[in-house]
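For reference, structure-v1.cif (mmCIF, C-alpha atoms):
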data_final
loop_
_atom_site.label_atom_id
_atom_site.label_comp_id
_atom_site.auth_asym_id
_atom_site.auth_seq_id
_atom_site.Cartn_x
_atom_site.Cartn_y
_atom_site.Cartn_z
CA MET A 1 -39.27 7.72 -32.48
CA SER A 2 -40.40 6.55 -29.02
CA ALA A 3 -37.23 4.48 -28.53
CA ASP A 4 -35.03 7.53 -29.22
CA ARG A 5 -37.16 9.63 -26.89
CA CYS A 6 -36.74 7.04 -24.13
CA ARG A 7 -32.97 7.08 -24.57
CA GLY A 8 -32.98 10.86 -24.34
CA CYS A 9 -35.09 10.73 -21.18
CA GLU A 10 -32.72 8.20 -19.62
CA ARG A 11 -29.80 10.45 -20.44
CA VAL A 12 -31.56 13.51 -19.00
CA THR A 13 -32.57 11.70 -15.80
CA GLY A 14 -29.00 10.39 -15.48
CA VAL A 15 -27.56 13.89 -15.84
CA ILE A 16 -30.11 15.34 -13.40
CA GLY A 17 -29.38 12.52 -10.95
CA ALA A 18 -25.63 13.12 -11.21
CA LEU A 19 -26.11 16.88 -10.71
CA LEU A 20 -28.30 16.25 -7.67
CA ILE A 21 -25.99 13.62 -6.17
CA SER A 22 -22.67 15.41 -6.72
CA PRO A 23 -23.50 18.58 -4.69
CA VAL A 24 -24.82 16.37 -1.89
CA ALA A 25 -21.61 14.32 -1.99
CA LEU A 26 -19.48 17.49 -2.04
CA VAL A 27 -21.36 18.97 0.92
CA TYR A 28 -21.03 15.67 2.78
CA VAL A 29 -17.28 15.48 2.16
CA LEU A 30 -16.82 19.13 3.16
CA TRP A 31 -18.88 18.56 6.31
CA LEU A 32 -16.77 15.54 7.23
CA ALA A 33 -13.56 17.55 6.69
CA VAL A 34 -14.80 20.50 8.77
CA TYR A 35 -16.10 18.19 11.50
CA GLY A 36 -12.76 16.36 11.60
CA VAL A 37 -10.81 19.62 11.97
CA VAL A 38 -13.18 20.98 14.64
CA ASP A 39 -13.05 17.66 16.49
CA ARG A 40 -9.23 17.71 16.47
CA ARG A 41 -9.21 21.26 17.85
CA ALA A 42 -11.72 20.27 20.56
CA GLN A 43 -9.51 17.33 21.54
CA ARG A 44 -6.49 19.65 21.80
CA ARG A 45 -8.47 22.05 24.02
CA ARG A 46 -9.58 19.17 26.23
CA ARG A 47 -5.96 18.03 26.62
CA GLY A 48 -4.88 21.59 27.38
CA LEU A 49 -7.58 22.03 30.03
CA SER A 50 -6.95 18.65 31.65
#
What is this structure when it is put down as C-alpha cells?
Amino acid sequence: MSADRCRGCERVTGVIGALLISPVALVYVLWLAVYGVVDRRAQRRRRGLS
C-alpha cells in the first residue's frame, strides 16, 4: 500500500515539476527571441543614425 502511494506521489511531483518547468522554459525562450529581435532592430537604428 505505502509503496504504491509513494510511486503515485513521485509521479504527481514529476508531473507538477514538469508543468512548472515547461512554462518557465517557454517564457525564457520567448523572452530570448523577443530580446534578439529588439536587439537587432536597435543595432539597425544605431547604424542608421551613425
Box along x, y and z, 6 Å on every side, all listed atoms of region 10-15 of chain A inside: centre and edge lengths in Å to one decimal, as lines of an AutoDock Vina configuration file.
center_x = -30.1
center_y = 11.0
center_z = -18.0
size_x = 17.2
size_y = 17.7
size_z = 17.0
d(CA of Gly36 (chain A), CA of Leu20 (chain A)) in Å |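 Going from CA of Gly36 (chain A) over to CA of Leu20 (chain A) covers 24.8 Å.
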Do you have the CA of Arg46 (chain A)-CA of Trp31 (chain A) distance handy?
->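 Going from CA of Arg46 (chain A) over to CA of Trp31 (chain A), I get 22.0 Å.
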